[in-house]
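J.: My structure is below; once you've seen it, I'll send some questions.
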Amino acid sequence: AIDSNFDQNRERAGDENGVAVWGPVEPPAKLGIHGTHVAVDYDICLADGACLENCPVDVFTWVDTPDHPVSETKVEPTNEDQCIDCMLCVDICPVDAIDVDAS
Ligand code: SF4
């Protein structure tokens, strides 16, 4: 599962598609955690898509991640500032790849 203390335990590695990326990042196999308020561990995400299909405010966008060993697409929380903290994505993710900081 995603480390919910990623912002303390990881280094900020930059930005992609307008969201923060928390390392380590070593493409194509290691892509880090994307987002801060809504955070997706790209190294766990298997592109199930339930979060993207069910988020009531369309926070997520598909992005291509060619040659990543788990899946070659991922969900980017491009609209994380729209999140209403419903926790649907956290509850629905089959591999616990998403953390939402609702505090
Ligand atoms: Fe969307 Fe709810 Fe997840 Fe926020 S917590 S990203 S509103 S599904």
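Within each chain, counting starts at residue 1; across the structure tokens, chains are named A, B, ... in the order shown, with ligands numbered 1 upward in that order.
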Please return as a short mmCIF file (atom, residue, chain, number, x, y, z; two decimals) with all heavy atoms, in the first residue's frame the residues found within 7 Å of ligand 1, counting only C-alpha atoms and all ligand atoms.

T.:
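Result went into result12.cif, see below:
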data_model
loop_
_atom_site.label_atom_id
_atom_site.label_comp_id
_atom_site.auth_asym_id
_atom_site.auth_seq_id
_atom_site.Cartn_x
_atom_site.Cartn_y
_atom_site.Cartn_z
N VAL A 38 -4.14 14.54 -3.14
CA VAL A 38 -4.52 13.23 -3.69
C VAL A 38 -3.25 12.62 -4.26
O VAL A 38 -2.70 13.14 -5.23
CB VAL A 38 -5.59 13.35 -4.79
CG1 VAL A 38 -5.94 11.97 -5.35
CG2 VAL A 38 -6.84 14.04 -4.25
N CYS A 51 -11.04 4.46 -9.82
CA CYS A 51 -10.94 5.82 -9.24
C CYS A 51 -11.33 6.85 -10.28
O CYS A 51 -12.18 7.72 -10.04
CB CYS A 51 -9.53 6.07 -8.72
SG CYS A 51 -8.24 5.80 -9.96
N ASN A 54 -15.08 6.76 -11.24
CA ASN A 54 -16.06 7.02 -10.18
C ASN A 54 -15.85 8.31 -9.40
O ASN A 54 -16.73 8.71 -8.64
CB ASN A 54 -16.09 5.84 -9.22
CG ASN A 54 -16.69 4.61 -9.87
OD1 ASN A 54 -17.90 4.52 -10.04
ND2 ASN A 54 -15.85 3.68 -10.25
N CYS A 55 -14.71 8.97 -9.54
CA CYS A 55 -14.49 10.22 -8.80
C CYS A 55 -15.58 11.24 -9.19
O CYS A 55 -15.75 11.53 -10.37
CB CYS A 55 -13.11 10.78 -9.12
SG CYS A 55 -12.84 12.42 -8.39
N PRO A 56 -16.30 11.77 -8.20
CA PRO A 56 -17.43 12.66 -8.52
C PRO A 56 -17.00 14.00 -9.12
O PRO A 56 -17.85 14.70 -9.70
CB PRO A 56 -18.12 12.86 -7.16
CG PRO A 56 -17.08 12.56 -6.14
CD PRO A 56 -16.20 11.52 -6.76
N VAL A 57 -15.74 14.37 -8.98
CA VAL A 57 -15.30 15.66 -9.49
C VAL A 57 -14.15 15.53 -10.51
O VAL A 57 -13.45 16.51 -10.80
CB VAL A 57 -14.91 16.61 -8.33
CG1 VAL A 57 -16.14 17.02 -7.54
CG2 VAL A 57 -13.88 15.98 -7.41
N ASP A 58 -13.98 14.32 -11.06
CA ASP A 58 -13.03 14.09 -12.16
C ASP A 58 -11.62 14.59 -11.85
O ASP A 58 -11.02 15.35 -12.63
CB ASP A 58 -13.54 14.73 -13.45
CG ASP A 58 -14.82 14.08 -13.95
OD1 ASP A 58 -15.04 12.89 -13.64
OD2 ASP A 58 -15.60 14.77 -14.63
N VAL A 59 -11.09 14.12 -10.73
CA VAL A 59 -9.73 14.50 -10.35
C VAL A 59 -8.67 13.87 -11.26
O VAL A 59 -7.63 14.46 -11.52
CB VAL A 59 -9.48 14.12 -8.87
CG1 VAL A 59 -7.98 14.06 -8.54
CG2 VAL A 59 -10.19 15.10 -7.94
N GLU A 80 -6.34 17.62 -8.49
CA GLU A 80 -6.42 17.30 -7.06
C GLU A 80 -6.96 18.46 -6.23
O GLU A 80 -7.53 18.24 -5.16
CB GLU A 80 -5.07 16.82 -6.50
CG GLU A 80 -3.96 17.84 -6.56
CD GLU A 80 -2.63 17.30 -5.99
OE1 GLU A 80 -2.65 16.43 -5.10
OE2 GLU A 80 -1.58 17.79 -6.45
N CYS A 83 -10.67 18.09 -5.29
CA CYS A 83 -11.08 16.95 -4.46
C CYS A 83 -11.97 17.40 -3.30
O CYS A 83 -11.69 18.40 -2.64
CB CYS A 83 -9.83 16.26 -3.92
SG CYS A 83 -10.14 14.92 -2.75
N ILE A 84 -13.04 16.62 -3.07
CA ILE A 84 -13.98 16.93 -1.98
C ILE A 84 -13.84 15.94 -0.82
O ILE A 84 -14.72 15.86 0.05
CB ILE A 84 -15.44 16.96 -2.49
CG1 ILE A 84 -15.81 15.62 -3.17
CG2 ILE A 84 -15.65 18.12 -3.47
CD1 ILE A 84 -17.29 15.50 -3.52
N ASP A 85 -12.76 15.16 -0.82
CA ASP A 85 -12.44 14.25 0.29
C ASP A 85 -13.52 13.21 0.54
O ASP A 85 -13.77 12.83 1.70
CB ASP A 85 -12.18 15.04 1.58
CG ASP A 85 -11.01 16.00 1.45
OD1 ASP A 85 -10.19 15.82 0.52
OD2 ASP A 85 -10.90 16.92 2.29
N CYS A 86 -14.15 12.72 -0.51
CA CYS A 86 -15.20 11.70 -0.32
C CYS A 86 -14.61 10.34 0.02
O CYS A 86 -15.31 9.46 0.52
CB CYS A 86 -16.08 11.61 -1.55
SG CYS A 86 -15.28 10.81 -2.97
N MET A 87 -13.33 10.12 -0.31
CA MET A 87 -12.58 8.90 -0.02
C MET A 87 -12.99 7.69 -0.89
O MET A 87 -12.53 6.57 -0.65
CB MET A 87 -12.65 8.52 1.46
CG MET A 87 -12.19 9.63 2.37
SD MET A 87 -10.58 10.31 1.88
CE MET A 87 -9.51 9.63 3.13
N LEU A 88 -13.80 7.92 -1.89
CA LEU A 88 -14.22 6.83 -2.76
C LEU A 88 -13.01 6.16 -3.42
O LEU A 88 -12.91 4.94 -3.46
CB LEU A 88 -15.19 7.36 -3.82
CG LEU A 88 -15.75 6.36 -4.83
CD1 LEU A 88 -17.13 6.79 -5.27
CD2 LEU A 88 -14.85 6.19 -6.04
N CYS A 89 -12.10 6.96 -3.94
CA CYS A 89 -10.95 6.38 -4.65
C CYS A 89 -10.08 5.55 -3.72
O CYS A 89 -9.59 4.49 -4.09
CB CYS A 89 -10.14 7.47 -5.33
SG CYS A 89 -9.49 8.74 -4.21
N VAL A 90 -9.91 6.04 -2.48
CA VAL A 90 -9.10 5.31 -1.50
C VAL A 90 -9.73 3.96 -1.21
O VAL A 90 -9.06 2.93 -1.15
CB VAL A 90 -8.97 6.14 -0.20
CG1 VAL A 90 -8.29 5.34 0.91
CG2 VAL A 90 -8.19 7.43 -0.48
N VAL A 100 -5.50 10.02 0.29
CA VAL A 100 -6.09 11.35 0.28
C VAL A 100 -5.95 11.92 1.68
O VAL A 100 -6.39 11.31 2.66
CB VAL A 100 -7.57 11.31 -0.15
CG1 VAL A 100 -8.22 12.68 0.00
CG2 VAL A 100 -7.68 10.83 -1.59
#

J.: As a PyMOL selection string, please: the residues near segment 17-21 of chain A (cut-off 12 Å, only C-alpha atoms, same-chain neighbours under 5 positions excluded).

T.: chain A and resi 6-7+10-12+26+30-42+59-64+75-81

J.: Would you please extract all alpha helix (DSSP H) residues from chain A, as assigned by DSSP on the backbone, and give them as an NGL selection string?

T.: :A and (6-9 or 50-54 or 88-92)

J.: Go through A:Ala50, A:Ile2, A:Val70, A:Ala13 one by one, measure the shortest atom-to-atom distance of each to Pro94 of chain A using only C-alpha atoms, and give the residue with the smallest value.

T.: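 When distances to Pro94 of chain A are compared using only C-alpha atoms, the smallest one comes from A:Ala50.
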
J.: Just checking: using only C-alpha atoms, which residue out of A:Glu72, A:Gln8, A:Gln82, A:Asp101 ends up closest to Ile44 of chain A?

T.: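 Selected residue with least distance to Ile44 of chain A: A:Glu72.
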
J.: Write down as number ranges by chain the residues of segment 29-86 of chain A whose backbone DSSP state falls under strand (DSSP E).

T.: A: 33-34, 38-41, 61-64, 73-76

J.: Please determine, counting only C-alpha atoms, which residue among A:Asp99, A:Ala29, A:Ile92, A:Cys45 has the shortest atom-to-atom distance to Pro69 of chain A.

T.: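 Of A:Asp99, A:Ala29, A:Ile92, A:Cys45, the one nearest Pro69 of chain A is A:Ala29, counting only C-alpha atoms.
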